[in-house]
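Chemist: The structure under discussion is supplied below as structure tokens; questions concerning it will follow.
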Amino acid sequence: MTVAAQSFSSRPIAAVARGVALPLVLLLVWQAWASTLPANTRAPSPAQVARAFETLAIGGGLVGATLQSLGRVMLGFLIALVLGVSLGVLMGSSRRVSRNLDPIVEGFRPIAPMAILPIAILWFGAGTPAALSIVAYAAFFPLLLNTIHGVSRVDRKLLQAARTMGLPLHARILRVVLPAALPSIMLGARLAMGVAWTAIIAAELAVGAKSGGGSSGGLGQMMFVFYAYSIDLNNIVVCMIVVGVVALLIDRLFRVAERRLMPWRI
Amino acid sequence: MSATPSASAALKMDQATTDVGGGAAQTGDRARSGRGAASPGGVPGWLARIDFTPLRSFAILLLVWQGVAVWTASPIQLPTPLRVGAAFLDLAAEGEITEHALVSVTRLVVSLAIAVVLAVPLGFLMGLNRKIDAFVDPLIELLRPISGIAWIPLALFIFGIGDVLPVFIMVYVAFFALLLNTISGVRSVDPKLIAAARTMGVARPMILAKVVAPAALPAIVVGFRLAFAGAWAAIVAAELIGAPNGLGFAIEWYRELLMSPKVFAFILVIAVIGYVCDLGLRALQRRLTPWVDEAGHSS
């Protein structure tokens with residue numbers, strides 16, 4: 001084997017080693033620091049977190065809580081998808097509608113989803129509907145704005161051609177406008193799913209915090225119970241890691257879907 | 001009435017659009033003309049040029065809200081806009097709005113300042129030096145998916161309820177937006193510009209200050225706007241759970257007391273501050289980087 005080939009083959013390994021180095025060092029420092037503490041410490045350590053993950057994952061309710069949160073995100077996302085895309089098509093294709101509705105959209109946009117939570121609790125109580133409405137509200141704006149952007153940039157000539165050929169309105173929307181706006185809508189969907197996942201954790205946390213460990217359930221609620229009742233920081237760190245992993249998976253899934261649905265865009 | 005040329009033009013445009021009335025035709029000048037300005041008769045030019053559409057939209061929204069609130073007749077769940085307005089004036093008169101808003105805005109400013117100090121230099125380092133980037137980037141990518149909100153329980157245990165928790169959460173949220181945009185801004189600098197400066201014997205600190213920094217500025221400004229938006233959304237969650245004051249605390253406090261008009265009034269404050277800050281940042285963006293559009297692309 002020549003020297004050049006050797007260095008070429010070792011390069012990816014070096015890159016991986018470099019990438020792993022800093023996280024690994026930090027983990028080791030964290031573990032070393034934790035092992036200097038007295039045995040009855042509450043401070044989390046990597047080894048304890050791994051053990052906590054095992055017990056929580058097997059019969060500890062972690063899977064159920066994660067699925068419950070994910071189910072809420074999906075349902076809220078679907079509501080936002082239907083509302084956001086249909087309103088987006090309307091606002092993107094009619095200047096009059098967008099001119100009249102735009103001020104209201106811009107007026108609501110700076111209101112954080114969490115600011116809506118107290119109202120949602122007043123309206124729906126501390127259960128799933130309150131969490132759902134927060135998620136739908138959070139996911140609505142990225143979907144709406146990106147749909148408007150995509151629809152308003154649809155090639156006018158395509159629309160005129162479709163109209164000349166006598167395509168009815170619903171067919172023009174389904175066959176011309178939506179496919180042309182799909183890249184934007186998909187981007188909006190990916191962003192919306194990201195904020196929806198953040199919002200559900202926030203909503204469950206706050207509902208858990210404010211209804212005395214009430215009936216919300218889900219991953220966020222689980223975290224709050226570990227904070228407020230059992231004060232188990234290892235379990236909290238496990239939940240945080242799950243939050244991160246799920247967010248990463250959602251993001252990757254949407255990127256793959258974007259490539260599959262629109263292979264003409266890299 | 002002596003109509004200046006511009007005023008008569010505006011009036012003509014107004015008449016043209018009122019002629020179209022409720023019809024389906026839409027033209028470009030319609031977007032610019034003040035269609036809501038009503039009577040084309042003796043309106044002064046400056047008044048005719050103001051776009052009243054937002055006002056009309058909000059008026060309709062308020063009317064619908066009033067109607068629904070009266071119809072549902074459940075003042076705790078949906079107070080009428082009039083009662084919310086009265087609560088707003090009460091709170092403003094008692095100074096409660098200024099008090100909580102000041103607390104929240106101070107936390108916001110402090111967090112954004114800390115985030116800038118941490119993220120921008122690190123972004124320059126990572127953008128300019130591939131080795132540092134290769135070491136640090138994986139750690140960033142590991143932490144980034146964990147939303148700031150998810151840190152709240154752990155941060156509650158470490159910092160307790162108070163000022164530090166919201167600031168920590170906001171710094172965390174703002175950090176990533178700023179860092180990633182700074183890195184991509186620094187990387188987008190045309191290498192030929194750097195090469196040219198180097199050929200002319202410009203010293204490295206000078207290249208950084210005069211070539212790299214200005215070229216990376218648009219992306220950094222966009223990052224700052226994103227950081228603000230993220231932080232402003234996170235502050236409500238952080239204060240709602242872990243602070244003894246601030247706007248997020250106030251809405252939840254009055255929710256527990258079932259004083260809905262005050263809840264709505266504070267939500268209004270959150271919306272207005274967020275909106276005004278965004279307007280200010282857009283203006284700052286136009287001032288600092290006039291050669292790019294709002295998304296940071298040069299046009």
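Convention: chains lettered A, B, ... in structure tokens order; per-chain residue numbering from 1; ligands numbered from 1 as shown.
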Which residues in segment 125-212 of chain B does DSSP call alpha helix (DSSP H)? List them as an MDAnalysis selection string.

Modeler: chainID B and resid 125:128 130:143 152:159 164:187 191:199 204:207

Chemist: Quick one: everything within 8 Å of segment 55-64 of chain B, counting only C-alpha atoms, minus sequence neighbours fewer than 5 positions away in the same chain. Send it as an mmCIF file with all heavy atoms, in the first residue's frame.

Modeler:
```cif
data_model
loop_
_atom_site.group_PDB
_atom_site.id
_atom_site.type_symbol
_atom_site.label_atom_id
_atom_site.label_comp_id
_atom_site.auth_asym_id
_atom_site.auth_seq_id
_atom_site.Cartn_x
_atom_site.Cartn_y
_atom_site.Cartn_z
ATOM 1 N N ASN A 100 -55.556 42.202 3.629
ATOM 2 C CA ASN A 100 -56.473 42.375 4.761
ATOM 3 C C ASN A 100 -56.101 41.506 5.957
ATOM 4 O O ASN A 100 -56.310 41.889 7.101
ATOM 5 C CB ASN A 100 -57.902 42.073 4.317
ATOM 6 C CG ASN A 100 -58.499 43.232 3.539
ATOM 7 O OD1 ASN A 100 -58.699 44.305 4.080
ATOM 8 N ND2 ASN A 100 -58.725 43.027 2.257
ATOM 9 N N LEU A 101 -55.564 40.308 5.669
ATOM 10 C CA LEU A 101 -55.275 39.401 6.780
ATOM 11 C C LEU A 101 -53.852 39.560 7.321
ATOM 12 O O LEU A 101 -53.579 39.225 8.463
ATOM 13 C CB LEU A 101 -55.485 37.946 6.336
ATOM 14 C CG LEU A 101 -56.941 37.536 6.153
ATOM 15 C CD1 LEU A 101 -57.025 36.063 5.825
ATOM 16 C CD2 LEU A 101 -57.733 37.819 7.426
ATOM 17 N N PRO A 103 -52.027 42.071 8.432
ATOM 18 C CA PRO A 103 -51.818 42.759 9.720
ATOM 19 C C PRO A 103 -52.175 41.883 10.917
ATOM 20 O O PRO A 103 -51.496 41.913 11.942
ATOM 21 C CB PRO A 103 -52.768 43.960 9.629
ATOM 22 C CG PRO A 103 -53.008 44.168 8.179
ATOM 23 C CD PRO A 103 -52.928 42.828 7.533
ATOM 24 N N ILE A 104 -53.230 41.080 10.769
ATOM 25 C CA ILE A 104 -53.645 40.238 11.901
ATOM 26 C C ILE A 104 -52.624 39.131 12.139
ATOM 27 O O ILE A 104 -52.235 38.853 13.276
ATOM 28 C CB ILE A 104 -55.049 39.673 11.626
ATOM 29 C CG1 ILE A 104 -56.035 40.843 11.597
ATOM 30 C CG2 ILE A 104 -55.440 38.648 12.668
ATOM 31 C CD1 ILE A 104 -57.448 40.442 11.366
ATOM 32 N N GLY B 36 -58.611 52.077 2.129
ATOM 33 C CA GLY B 36 -59.482 52.302 3.271
ATOM 34 C C GLY B 36 -59.673 53.779 3.572
ATOM 35 O O GLY B 36 -60.425 54.156 4.447
ATOM 36 N N PRO B 81 -63.338 42.678 24.433
ATOM 37 C CA PRO B 81 -62.208 43.582 24.199
ATOM 38 C C PRO B 81 -62.307 44.840 25.040
ATOM 39 O O PRO B 81 -61.277 45.396 25.464
ATOM 40 C CB PRO B 81 -62.307 43.908 22.706
ATOM 41 C CG PRO B 81 -63.383 43.096 22.144
ATOM 42 C CD PRO B 81 -64.031 42.298 23.211
#
```

Chemist: Between B:Val202, B:Ile220, B:Val105, B:Ile152, which one has atoms that come closest to chain A, using only C-alpha atoms?

Modeler: B:Ile152

Chemist: Hey, list the chain A side of the contact with chain B: 8 Å cut-off, only C-alpha atoms, answer as number ranges by chain.

Modeler: A: 15, 18-23, 95-96, 99-104, 106-116, 118-119, 122-123, 198, 201-202, 206, 209-210, 220, 223-224, 227, 233, 236-237, 240-241, 243-245, 247-248

Chemist: Quick one: pull the distance between atom CA of Val103 of chain B and atom CA of Ala120 of chain A, Å, one decimal.

Modeler: 24.9 Å

Chemist: Neighbours of Thr80 of chain B within 7 Å (only C-alpha atoms; same-chain residues fewer than 5 positions away dropped), as an MDAnalysis selection string?

Modeler: chainID B and resid 65:66 69

Chemist: Those same residues, written as a CSV table (one decimal), in the first residue's frame with C-alpha atoms?

Modeler:
```
chain,number,residue,atom,x,y,z
B,65,TRP,CA,-64.2,39.2,19.2
B,66,GLN,CA,-66.8,41.4,21.0
B,69,ALA,CA,-67.5,37.2,23.8
```

Chemist: Name the residues in contact with Gly92 of chain A at a cut-off of 10 Å, using only C-alpha atoms, excluding same-chain residues fewer than 5 positions from it; report them as a list in words.

Modeler: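 Residues meeting the cut-off are Val85, Ser86, Leu87, Val97, Ser98, Leu144, Leu145, Asn146, Thr147, Ile148, His149, Gly150, Val151, Ser152, Arg153, Val154 and Val177 of chain A.
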
Chemist: For atom CA of His297 of chain B and atom CA of Ala257 of chain A, determine how far apart the two atoms are, in Å to one decimal place.

Modeler: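 Atom-to-atom, atom CA of His297 of chain B and atom CA of Ala257 of chain A are spaced 26.5 Å apart.
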
Chemist: So how many Å separate atom CA of Ile194 of chain B and atom CA of Phe176 of chain B, to one decimal?

Modeler: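 Computing the Euclidean distance for atom CA of Ile194 of chain B and atom CA of Phe176 of chain B yields 26.6 Å.
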